[in-house]
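Structure record follows, encoded as structure tokens.
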Amino acid sequence: MGYTLAQKIIKSHLVSGEMIPGTEIGLRIDQTLTQDATGTMAYLQLEAMGIERVKTELSVAYIDHNTLQAGFENADDHRYIQTVTKKHGIRFSRPGNGICHQVHLERFGIPGKTLIGSDSHTPTAGGIGMLAMGAGGLDVAVAMGGGTYYITMPKIIHINLVGKLPAYVGAKDVILEVLRLLGVKGGVGAIVEYGGEGVATLSVPQRATITNMGAELGATTSIFPADEITRAFLAAEERENDFVALAPDADAIYDAEYTIDLSTLVPLAACPHSPDNVKPVSELADMPINQVCIGSCTNSSMLDMLTVAAMLKGKTVHPDVSLSISPGSKQVYTMLAQCGALADLIAAGARILECACGPCIGMGFSPKSAGVSLRTFNRNFLARSGTADAQVYLVSPETAAASAIAGVFTDPRTFGDALDITVPTHFVINDNLIEMPAPAEESANITVERGPNIKPIPVGKAPAEDLSCELILKVGDNITTDHIMPAGTKILPYRSNVPKLSEFCFTVCDKDFPERAKAKNGGIIVGGVNYGQGSSREHAALVPLYLGIKAVVAKSFARIHVANLVNFGIVPLTFENPEDYDKIDEGDTLEIAGFANSVATAERLILKDVTKGIEIPLQLTATRRGRDILGAGGLLNYTRNH
Ligand code: MIC
Ligand code: SF4
């Protein structure tokens, strides 16, 4: 039997388990990345585990999220990351060097290698044929120490691409079409593998746009083959030696198959407030808009920027629209300046931001009240932009540029003659903002600098013998980590200060939650399907732990979040009968007799709702290892004990 592309990489990195979908496997990790909003915690954990030097082939720490420095906190975190990485053998990408995923693709990604990153969009590197996955910071810290990364062996979904994209239809429209087809939980438990003759018509940056936003499908990762186009991209980055050709076996077996004819695609938009709420732009045409933001790890490559610059050249942004542009990396920014395209963007009235995540994570550029914002980003979750009643639409750079000029939602196919823009055959290489770590023999001399905002990490406790507590919060389906632990300018500076961060937990859903949880010493949270979708931020587990949350009962969980819950000792439980969700209410008193024993061994637990006088069967779907971690009160304790 032949293997798929992803299966081949898994096979060559398998440390434990068998490649049977749904069972636990352990993988050897070649590369890691962190960003600053999750990195401080990851490196505090690396220190807590006593890891002296990283054991991966390459580990890089990027500074790209918390770049608006309205107080000392972010700058202190950056200094902490700079010094801790120097000491422990990690490269440091300075602020100004660009968004982690864009820079990693340009300078470090290697086909056939494994990468985990403390950011859910790490699968961007799947565009170059890497097996790249998002993970919680603690899992990344373990991998840096040479530890195994455990996942559930995914199914493989094959997306067969045929044909060629028409003019003004972009790679973004391909992934929006996949989201329309599969939905935000359509990729859970699966890897999405792209193949077919249409692959050869897509450049590496286009492929990376598609694998990037595979995160919004809930997929473990997404991947493209490594072919002559990949070789040319690596050669243009002066890294042709890193090229390895990768393709699935001809007789590979997939668990599901879809075909997308690229030539039939049209410009699409994901409407508020979910990336799978997809409609053709033509249906939204002429809706007045207030803001356009171009950039983010999804659409900030040289190809995207040149496309936008060509469309804006000689034009002026509509007076009702504020347009921001964030190039993805210093390489992109430099080349835009050198070729004159930057001048075209500035002349048109674009507000050029530094190469960082920026508006994507609410770091500035919040829209006006009830504002309509078109963004080339990957997430339009409620309130993520920083404006609670904003209406955020996710679109391609082509749709964004055409609409910014017109002042209304515009189908870019009405814009004019087709553009002829291709990926440069040679990129400007200057890695001067990537600092190398100190040699091992000098690391003892390096002092790690810790600002006053860096507080100790909360550590979990072993489960109680019997659990009795309140149903402290009940939420619906598809709750994102942006609901659980919102981000943005005002909150992100506290990523290394969990007590302060806890004041914002779940406030998108319920303003009183933090106070209530504190007063009642926590309790149990109940959720619907796909609980915890979205980011990799382990703060969405750490902060509930700090507030005393003992367990989350949901209809189903998102992959990275459920791993984070286990890592911090919060017990993830699912309803045996999803309809039982409707039978229990916030404020009910809940009991699980023999809780600790059940977590250790039982498949089935009985939740007693004392208020209603009913019993509800639950399942704990943790692996043996997961149960041991929960029993120890989280991965830090578990690692210490081992
Ligand atoms: C995001 O896009 O939501 C983030 C911000 O990049 C997160 C990481 C974080 O919360 O720091 C992610 O995607 O994992
Ligand atoms: Fe940054 Fe946005 Fe990408 Fe997250 S999705 S890494 S915030 S650009």
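Letters for chains follow the order of the structure tokens (A, B, ...), residue numbers begin at 1 for each chain, and ligand numbers begin at 1 in the order shown.
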Produce as an mmCIF file with all heavy atoms, in the first residue's frame the set of residues near ligand 2, where near means within 7 Å with only C-alpha atoms and all ligand atoms considered.
```cif
data_model
loop_
_atom_site.group_PDB
_atom_site.id
_atom_site.type_symbol
_atom_site.label_atom_id
_atom_site.label_comp_id
_atom_site.auth_asym_id
_atom_site.auth_seq_id
_atom_site.Cartn_x
_atom_site.Cartn_y
_atom_site.Cartn_z
ATOM 1 N N HIS A 65 3.991 39.888 17.282
ATOM 2 C CA HIS A 65 2.612 40.138 17.715
ATOM 3 C C HIS A 65 2.487 41.409 18.570
ATOM 4 O O HIS A 65 1.732 42.305 18.241
ATOM 5 C CB HIS A 65 2.090 38.955 18.540
ATOM 6 C CG HIS A 65 1.633 37.782 17.729
ATOM 7 N ND1 HIS A 65 2.474 37.067 16.912
ATOM 8 C CD2 HIS A 65 0.418 37.190 17.619
ATOM 9 C CE1 HIS A 65 1.783 36.089 16.338
ATOM 10 N NE2 HIS A 65 0.540 36.142 16.755
ATOM 11 N N ILE A 99 6.627 38.787 10.226
ATOM 12 C CA ILE A 99 5.685 37.836 10.828
ATOM 13 C C ILE A 99 6.314 36.438 10.782
ATOM 14 O O ILE A 99 6.840 36.019 9.743
ATOM 15 C CB ILE A 99 4.341 37.844 10.072
ATOM 16 C CG1 ILE A 99 3.759 39.262 10.007
ATOM 17 C CG2 ILE A 99 3.354 36.871 10.696
ATOM 18 C CD1 ILE A 99 2.505 39.404 9.165
ATOM 19 N N CYS A 100 6.233 35.738 11.907
ATOM 20 C CA CYS A 100 6.926 34.451 12.040
ATOM 21 C C CYS A 100 6.716 33.531 10.831
ATOM 22 O O CYS A 100 7.691 33.004 10.274
ATOM 23 C CB CYS A 100 6.521 33.745 13.336
ATOM 24 S SG CYS A 100 4.749 33.517 13.581
ATOM 25 N N HIS A 101 5.482 33.359 10.404
ATOM 26 C CA HIS A 101 5.217 32.356 9.355
ATOM 27 C C HIS A 101 5.792 32.776 8.012
ATOM 28 O O HIS A 101 6.298 31.949 7.253
ATOM 29 C CB HIS A 101 3.714 32.098 9.250
ATOM 30 C CG HIS A 101 3.106 31.784 10.585
ATOM 31 N ND1 HIS A 101 3.567 30.755 11.363
ATOM 32 C CD2 HIS A 101 2.119 32.388 11.296
ATOM 33 C CE1 HIS A 101 2.871 30.724 12.494
ATOM 34 N NE2 HIS A 101 2.001 31.707 12.482
ATOM 35 N N ASP A 119 1.899 28.793 17.606
ATOM 36 C CA ASP A 119 0.981 29.645 16.882
ATOM 37 C C ASP A 119 0.198 28.753 15.925
ATOM 38 O O ASP A 119 0.785 27.917 15.239
ATOM 39 C CB ASP A 119 1.726 30.726 16.097
ATOM 40 C CG ASP A 119 0.754 31.776 15.617
ATOM 41 O OD1 ASP A 119 0.075 31.519 14.598
ATOM 42 O OD2 ASP A 119 0.638 32.833 16.266
ATOM 43 N N HIS A 121 -1.092 29.152 13.140
ATOM 44 C CA HIS A 121 -0.881 29.241 11.690
ATOM 45 C C HIS A 121 0.477 28.710 11.235
ATOM 46 O O HIS A 121 0.904 28.950 10.099
ATOM 47 C CB HIS A 121 -1.151 30.669 11.196
ATOM 48 C CG HIS A 121 -2.607 30.988 11.273
ATOM 49 N ND1 HIS A 121 -3.136 31.789 12.262
ATOM 50 C CD2 HIS A 121 -3.660 30.531 10.549
ATOM 51 C CE1 HIS A 121 -4.458 31.831 12.125
ATOM 52 N NE2 HIS A 121 -4.792 31.075 11.102
ATOM 53 N N SER A 296 -1.002 40.343 7.203
ATOM 54 C CA SER A 296 -1.134 39.140 8.041
ATOM 55 C C SER A 296 -0.400 37.959 7.431
ATOM 56 O O SER A 296 -0.038 37.978 6.256
ATOM 57 C CB SER A 296 -2.598 38.749 8.300
ATOM 58 O OG SER A 296 -3.059 37.830 7.332
ATOM 59 N N CYS A 297 -0.241 36.904 8.231
ATOM 60 C CA CYS A 297 0.503 35.742 7.750
ATOM 61 C C CYS A 297 -0.189 35.057 6.587
ATOM 62 O O CYS A 297 0.403 34.229 5.909
ATOM 63 C CB CYS A 297 0.755 34.762 8.895
ATOM 64 S SG CYS A 297 -0.747 34.219 9.731
ATOM 65 N N THR A 298 -1.443 35.408 6.292
ATOM 66 C CA THR A 298 -2.155 34.785 5.170
ATOM 67 C C THR A 298 -1.809 35.443 3.839
ATOM 68 O O THR A 298 -1.710 34.772 2.815
ATOM 69 C CB THR A 298 -3.689 34.891 5.377
ATOM 70 O OG1 THR A 298 -3.981 34.601 6.725
ATOM 71 C CG2 THR A 298 -4.436 33.953 4.476
ATOM 72 N N ALA A 356 4.463 43.226 10.807
ATOM 73 C CA ALA A 356 4.078 42.494 12.010
ATOM 74 C C ALA A 356 2.608 42.109 11.859
ATOM 75 O O ALA A 356 1.982 42.437 10.863
ATOM 76 C CB ALA A 356 4.283 43.383 13.237
ATOM 77 N N CYS A 357 2.067 41.415 12.876
ATOM 78 C CA CYS A 357 0.661 40.978 12.804
ATOM 79 C C CYS A 357 -0.292 42.169 12.797
ATOM 80 O O CYS A 357 -1.309 42.172 12.105
ATOM 81 C CB CYS A 357 0.332 40.098 13.999
ATOM 82 S SG CYS A 357 1.352 38.629 14.109
ATOM 83 N N CYS A 360 -4.441 42.365 12.657
ATOM 84 C CA CYS A 360 -4.978 41.005 12.678
ATOM 85 C C CYS A 360 -5.254 40.536 14.099
ATOM 86 O O CYS A 360 -6.210 39.806 14.344
ATOM 87 C CB CYS A 360 -4.012 40.059 11.977
ATOM 88 S SG CYS A 360 -4.577 38.371 11.983
ATOM 89 N N ILE A 361 -4.408 40.970 15.043
ATOM 90 C CA ILE A 361 -4.623 40.551 16.424
ATOM 91 C C ILE A 361 -5.098 41.733 17.280
ATOM 92 O O ILE A 361 -4.955 41.754 18.509
ATOM 93 C CB ILE A 361 -3.368 39.803 16.969
ATOM 94 C CG1 ILE A 361 -3.636 39.121 18.301
ATOM 95 C CG2 ILE A 361 -2.128 40.666 16.996
ATOM 96 C CD1 ILE A 361 -4.798 38.178 18.272
ATOM 97 N N PHE A 377 -7.003 38.901 6.150
ATOM 98 C CA PHE A 377 -6.528 38.049 7.231
ATOM 99 C C PHE A 377 -7.245 36.691 7.219
ATOM 100 O O PHE A 377 -7.928 36.359 6.257
ATOM 101 C CB PHE A 377 -6.728 38.757 8.576
ATOM 102 C CG PHE A 377 -6.141 40.157 8.645
ATOM 103 C CD1 PHE A 377 -6.504 41.036 9.662
ATOM 104 C CD2 PHE A 377 -5.229 40.605 7.700
ATOM 105 C CE1 PHE A 377 -5.970 42.317 9.738
ATOM 106 C CE2 PHE A 377 -4.690 41.892 7.766
ATOM 107 C CZ PHE A 377 -5.078 42.744 8.793
ATOM 108 N N ASN A 378 -7.115 35.958 8.334
ATOM 109 C CA ASN A 378 -7.691 34.613 8.380
ATOM 110 C C ASN A 378 -8.796 34.446 9.425
ATOM 111 O O ASN A 378 -9.433 33.407 9.472
ATOM 112 C CB ASN A 378 -6.591 33.577 8.597
ATOM 113 C CG ASN A 378 -5.649 33.984 9.718
ATOM 114 O OD1 ASN A 378 -6.085 34.534 10.726
ATOM 115 N ND2 ASN A 378 -4.367 33.722 9.550
ATOM 116 N N ARG A 379 -8.986 35.426 10.294
ATOM 117 C CA ARG A 379 -9.996 35.260 11.348
ATOM 118 C C ARG A 379 -10.854 36.506 11.470
ATOM 119 O O ARG A 379 -10.316 37.619 11.505
ATOM 120 C CB ARG A 379 -9.318 34.991 12.700
ATOM 121 C CG ARG A 379 -8.715 33.623 12.718
ATOM 122 C CD ARG A 379 -8.124 33.219 14.043
ATOM 123 N NE ARG A 379 -7.734 31.836 13.907
ATOM 124 C CZ ARG A 379 -6.704 31.261 14.522
ATOM 125 N NH1 ARG A 379 -5.966 31.957 15.355
ATOM 126 N NH2 ARG A 379 -6.430 30.001 14.314
#
```
Original post:
So which residues of segment 117-190 of chain A fall under strand (DSSP E or B) by DSSP, listed as a ChimeraX atom specification?
Top reply: /A:117,131-134,149-152,155-162,188,190
Generate a file of the selected residues that holds N, CA and C atoms, formatted as a compact mmCIF listing (two decimals), in the first residue's frame.
```txt
# COMPACT_ATOMS: atom_id res chain seq x y z
N GLY A 117 5.01 24.99 16.14
CA GLY A 117 5.13 26.39 16.52
C GLY A 117 4.03 26.76 17.49
N LEU A 131 5.82 19.27 7.28
CA LEU A 131 4.72 18.85 8.14
C LEU A 131 4.77 19.80 9.33
N ALA A 132 3.95 20.85 9.29
CA ALA A 132 4.06 21.96 10.24
C ALA A 132 2.78 22.11 11.02
N MET A 133 2.88 22.09 12.34
CA MET A 133 1.67 22.09 13.17
C MET A 133 1.72 23.15 14.26
N GLY A 134 0.56 23.70 14.59
CA GLY A 134 0.45 24.61 15.72
C GLY A 134 0.33 23.81 17.00
N TYR A 149 6.59 14.95 20.32
CA TYR A 149 5.32 15.67 20.20
C TYR A 149 4.23 14.65 19.90
N TYR A 150 3.21 14.63 20.74
CA TYR A 150 2.14 13.64 20.60
C TYR A 150 0.91 14.25 19.95
N ILE A 151 0.41 13.55 18.94
CA ILE A 151 -0.86 13.96 18.33
C ILE A 151 -1.70 12.71 18.08
N THR A 152 -2.94 12.93 17.72
CA THR A 152 -3.77 11.81 17.27
C THR A 152 -3.49 11.63 15.79
N LYS A 155 -6.64 11.51 9.88
CA LYS A 155 -7.09 10.99 8.58
C LYS A 155 -6.46 11.93 7.53
N ILE A 156 -6.51 11.48 6.28
CA ILE A 156 -5.96 12.36 5.23
C ILE A 156 -7.08 12.73 4.25
N ILE A 157 -7.31 14.04 4.15
CA ILE A 157 -8.28 14.54 3.16
C ILE A 157 -7.49 15.01 1.95
N HIS A 158 -7.85 14.50 0.78
CA HIS A 158 -7.13 14.89 -0.43
C HIS A 158 -7.95 15.92 -1.19
N ILE A 159 -7.33 17.05 -1.50
CA ILE A 159 -8.02 18.02 -2.34
C ILE A 159 -7.29 18.07 -3.67
N ASN A 160 -8.00 17.60 -4.68
CA ASN A 160 -7.44 17.49 -6.02
C ASN A 160 -7.72 18.79 -6.76
N LEU A 161 -6.66 19.51 -7.09
CA LEU A 161 -6.84 20.79 -7.78
C LEU A 161 -6.67 20.58 -9.28
N VAL A 162 -7.62 21.07 -10.04
CA VAL A 162 -7.47 21.02 -11.50
C VAL A 162 -7.67 22.44 -12.04
N VAL A 188 -11.13 18.84 11.45
CA VAL A 188 -10.73 18.32 12.76
C VAL A 188 -10.35 16.84 12.62
N ALA A 190 -7.87 15.71 10.91
CA ALA A 190 -7.40 15.39 9.55
C ALA A 190 -6.24 16.29 9.12
```
Subject >> Spatial neighbours of Asn453 of chain A, 7 Å, only C-alpha atoms, chain gap at least 6 places, as number ranges by chain >> reply: A: 73, 496-497
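Nearest to Gln619 of chain A of all the residues A:Ile110, A:Val553, A:Leu492, A:Ala343 is A:Val553, based on only C-alpha atoms.
Each of A:Phe224, A:Tyr494, A:Tyr531, A:Tyr80 was compared to ligand 1 using only C-alpha atoms and all ligand atoms, and A:Tyr494 turns out to be the nearest.
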Subject >> Nearby residues (only C-alpha atoms) at most 8 Å from His426 of chain A, same-chain spacing under 4 positions excluded, as number ranges by chain >> reply: A: 235-238
Subject >> Those in segment 338-557 of chain A with helix (DSSP H, G or I) from DSSP, as an MDAnalysis selection string >> reply: chainID A and resid 338:339 341:348 358:361 397:406 412:414 440:445 481:484 492:494 498:504 513:519 539:546
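Between atom CA of Ala622 of chain A and atom CA of Gly569 of chain A there is a distance of 11.8 Å.
Using only C-alpha atoms and all ligand atoms, the nearest neighbour of ligand 1 within the list A:Glu538, A:Asp139, A:Glu24, A:Glu57 is A:Glu538.
We find atom CA of Leu382 of chain A and atom CA of Leu471 of chain A to be spaced 24.1 Å apart.
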**OP:** For Asn564 of chain A, please output as a VMD selection string all residues within 8 Å (counting only C-alpha atoms; exclusion window: fewer than 4 positions along the same chain).
**Re:** chain A and resid 136 538 541 560 568
Subject >> Residue contacts of segment 193-206 of chain A (8 Å, only C-alpha atoms) excluding same-chain residues fewer than 4 positions away, as a ChimeraX atom specification >> reply: /A:5-6,127-128,156-164,170-172,210,222-225,229-230,233,262,301,303,423
Could you save those same residues with N, CA, C and O atoms as an mmCIF file, in the first residue's frame?
```
data_model
loop_
_atom_site.group_PDB
_atom_site.id
_atom_site.type_symbol
_atom_site.label_atom_id
_atom_site.label_comp_id
_atom_site.auth_asym_id
_atom_site.auth_seq_id
_atom_site.Cartn_x
_atom_site.Cartn_y
_atom_site.Cartn_z
ATOM 1 N N LEU A 5 1.601 11.937 1.028
ATOM 2 C CA LEU A 5 2.739 12.801 1.326
ATOM 3 C C LEU A 5 2.923 12.994 2.841
ATOM 4 O O LEU A 5 4.022 12.817 3.386
ATOM 5 N N ALA A 6 1.821 13.320 3.521
ATOM 6 C CA ALA A 6 1.900 13.557 4.968
ATOM 7 C C ALA A 6 2.285 12.267 5.687
ATOM 8 O O ALA A 6 3.103 12.286 6.619
ATOM 9 N N GLY A 127 3.113 24.954 2.788
ATOM 10 C CA GLY A 127 3.185 25.443 1.413
ATOM 11 C C GLY A 127 4.496 25.061 0.741
ATOM 12 O O GLY A 127 4.615 25.070 -0.483
ATOM 13 N N ILE A 128 5.479 24.747 1.573
ATOM 14 C CA ILE A 128 6.801 24.376 1.046
ATOM 15 C C ILE A 128 7.038 22.874 1.259
ATOM 16 O O ILE A 128 8.147 22.368 1.053
ATOM 17 N N ILE A 156 -6.505 11.484 6.276
ATOM 18 C CA ILE A 156 -5.962 12.361 5.235
ATOM 19 C C ILE A 156 -7.077 12.729 4.254
ATOM 20 O O ILE A 156 -7.698 11.859 3.643
ATOM 21 N N ILE A 157 -7.305 14.038 4.145
ATOM 22 C CA ILE A 157 -8.279 14.538 3.161
ATOM 23 C C ILE A 157 -7.485 15.008 1.947
ATOM 24 O O ILE A 157 -6.549 15.798 2.082
ATOM 25 N N HIS A 158 -7.847 14.499 0.782
ATOM 26 C CA HIS A 158 -7.130 14.895 -0.434
ATOM 27 C C HIS A 158 -7.948 15.917 -1.193
ATOM 28 O O HIS A 158 -9.130 15.694 -1.465
ATOM 29 N N ILE A 159 -7.332 17.049 -1.498
ATOM 30 C CA ILE A 159 -8.017 18.023 -2.344
ATOM 31 C C ILE A 159 -7.286 18.074 -3.673
ATOM 32 O O ILE A 159 -6.116 18.473 -3.757
ATOM 33 N N ASN A 160 -7.996 17.602 -4.681
ATOM 34 C CA ASN A 160 -7.440 17.485 -6.019
ATOM 35 C C ASN A 160 -7.722 18.791 -6.761
ATOM 36 O O ASN A 160 -8.875 19.149 -6.982
ATOM 37 N N LEU A 161 -6.663 19.512 -7.091
ATOM 38 C CA LEU A 161 -6.841 20.791 -7.778
ATOM 39 C C LEU A 161 -6.670 20.583 -9.276
ATOM 40 O O LEU A 161 -5.675 19.989 -9.711
ATOM 41 N N VAL A 162 -7.615 21.068 -10.044
ATOM 42 C CA VAL A 162 -7.470 21.024 -11.505
ATOM 43 C C VAL A 162 -7.670 22.438 -12.045
ATOM 44 O O VAL A 162 -8.184 23.311 -11.348
ATOM 45 N N GLY A 163 -7.244 22.655 -13.288
ATOM 46 C CA GLY A 163 -7.441 23.959 -13.919
ATOM 47 C C GLY A 163 -6.499 25.023 -13.364
ATOM 48 O O GLY A 163 -5.515 24.720 -12.682
ATOM 49 N N LYS A 164 -6.812 26.269 -13.671
ATOM 50 C CA LYS A 164 -5.934 27.401 -13.346
ATOM 51 C C LYS A 164 -6.818 28.569 -12.892
ATOM 52 O O LYS A 164 -7.909 28.765 -13.446
ATOM 53 N N GLY A 170 -7.814 34.826 -6.397
ATOM 54 C CA GLY A 170 -6.533 34.550 -5.740
ATOM 55 C C GLY A 170 -6.534 33.246 -4.963
ATOM 56 O O GLY A 170 -7.556 32.547 -4.841
ATOM 57 N N ALA A 171 -5.353 32.932 -4.413
ATOM 58 C CA ALA A 171 -5.208 31.742 -3.572
ATOM 59 C C ALA A 171 -6.164 31.828 -2.383
ATOM 60 O O ALA A 171 -6.677 30.818 -1.902
ATOM 61 N N LYS A 172 -6.409 33.056 -1.903
ATOM 62 C CA LYS A 172 -7.333 33.229 -0.780
ATOM 63 C C LYS A 172 -8.714 32.690 -1.130
ATOM 64 O O LYS A 172 -9.410 32.106 -0.289
ATOM 65 N N ILE A 210 -2.935 29.104 1.277
ATOM 66 C CA ILE A 210 -3.939 28.028 1.401
ATOM 67 C C ILE A 210 -3.668 27.182 2.651
ATOM 68 O O ILE A 210 -4.583 26.898 3.430
ATOM 69 N N SER A 222 -2.013 21.303 6.880
ATOM 70 C CA SER A 222 -2.282 21.169 5.444
ATOM 71 C C SER A 222 -0.924 21.136 4.758
ATOM 72 O O SER A 222 0.046 21.715 5.268
ATOM 73 N N ILE A 223 -0.871 20.476 3.606
ATOM 74 C CA ILE A 223 0.443 20.333 2.967
ATOM 75 C C ILE A 223 0.327 20.244 1.445
ATOM 76 O O ILE A 223 -0.644 19.694 0.919
ATOM 77 N N PHE A 224 1.327 20.820 0.775
ATOM 78 C CA PHE A 224 1.462 20.723 -0.676
ATOM 79 C C PHE A 224 2.695 19.881 -0.990
ATOM 80 O O PHE A 224 3.640 19.832 -0.189
ATOM 81 N N PRO A 225 2.745 19.260 -2.167
ATOM 82 C CA PRO A 225 3.962 18.554 -2.576
ATOM 83 C C PRO A 225 5.119 19.550 -2.735
ATOM 84 O O PRO A 225 4.897 20.754 -2.861
ATOM 85 N N ILE A 229 8.482 24.028 -8.596
ATOM 86 C CA ILE A 229 8.132 25.398 -8.183
ATOM 87 C C ILE A 229 8.707 25.671 -6.790
ATOM 88 O O ILE A 229 9.197 26.767 -6.504
ATOM 89 N N THR A 230 8.676 24.644 -5.961
ATOM 90 C CA THR A 230 9.267 24.768 -4.624
ATOM 91 C C THR A 230 10.780 24.973 -4.760
ATOM 92 O O THR A 230 11.375 25.804 -4.068
ATOM 93 N N PHE A 233 11.494 28.490 -5.773
ATOM 94 C CA PHE A 233 11.304 29.430 -4.660
ATOM 95 C C PHE A 233 12.511 29.377 -3.727
ATOM 96 O O PHE A 233 13.065 30.412 -3.333
ATOM 97 N N LEU A 262 -10.002 25.073 -10.315
ATOM 98 C CA LEU A 262 -9.590 26.457 -10.032
ATOM 99 C C LEU A 262 -10.206 27.434 -11.031
ATOM 100 O O LEU A 262 -10.522 28.574 -10.685
ATOM 101 N N SER A 301 2.815 38.354 1.343
ATOM 102 C CA SER A 301 4.021 38.010 0.574
ATOM 103 C C SER A 301 4.304 39.093 -0.463
ATOM 104 O O SER A 301 3.470 39.966 -0.718
ATOM 105 N N LEU A 303 4.315 38.654 -3.583
ATOM 106 C CA LEU A 303 3.319 38.488 -4.644
ATOM 107 C C LEU A 303 2.045 39.270 -4.305
ATOM 108 O O LEU A 303 1.505 39.997 -5.141
ATOM 109 N N VAL A 423 6.116 35.698 -8.908
ATOM 110 C CA VAL A 423 7.022 35.691 -7.753
ATOM 111 C C VAL A 423 8.431 36.034 -8.254
ATOM 112 O O VAL A 423 8.860 35.522 -9.289
#
```
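Within 7 Å of segment 521-527 of chain A, once only C-alpha atoms are used and residues closer than 4 positions along the same chain are dropped, the contacting residues are Cys469, Glu470, Leu471, Ile472, Leu473, Lys474, Val475, Gly476, Asp477, Ala517, Tyr531, Leu547, Gly548, Ile549, Lys550, Ala551, Val552, Val553, Ala554 and Lys555 of chain A.
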Subject >> Distance of atom CA of Gly186 of chain A from atom CA of Asn567 of chain A, expressed in Å to one decimal place >> reply: 24.7 Å
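Nearest to ligand 1 of all the residues A:Lys368, A:Lys511, A:Arg79, A:Arg537 is A:Arg537, based on only C-alpha atoms and all ligand atoms.
With distances restricted to only C-alpha atoms, A:Ile434 is the closest residue to Lys86 of chain A from A:Ala125, A:Val244, A:Ile434, A:Val571.
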Find the nearest atom pair between each residue of segment 373-458 of chain A and segment 323-331 of chain A for residues within 8 Å, count only C-alpha atoms, give distances in Å to one decimal, sort rows by chain and ascending number, and present the table as CSV.
```
residue,atom,partner,partner_atom,distance
A:Ala404,CA,A:Leu323,CA,6.7
A:Phe427,CA,A:Gln331,CA,7.4
A:Val428,CA,A:Gln331,CA,6.2
A:Ile429,CA,A:Gln331,CA,7.0
A:Asn430,CA,A:Gln331,CA,7.5
```
Please produce a file of the residues just selected, as a PDB file, in the first residue's frame, where the atoms kept are C-alpha atoms.
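The resulting file, out.pdb, is shown below:
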```pdb
ATOM      1  CA  ALA A 404     -10.441  50.294  -1.105  1.00  0.00           C
ATOM      2  CA  PHE A 427      14.837  37.703  -3.254  1.00  0.00           C
ATOM      3  CA  VAL A 428      16.947  40.213  -1.348  1.00  0.00           C
ATOM      4  CA  ILE A 429      18.705  38.227   1.363  1.00  0.00           C
ATOM      5  CA  ASN A 430      19.760  40.013   4.530  1.00  0.00           C
TER       6      ASN A 430
END
```
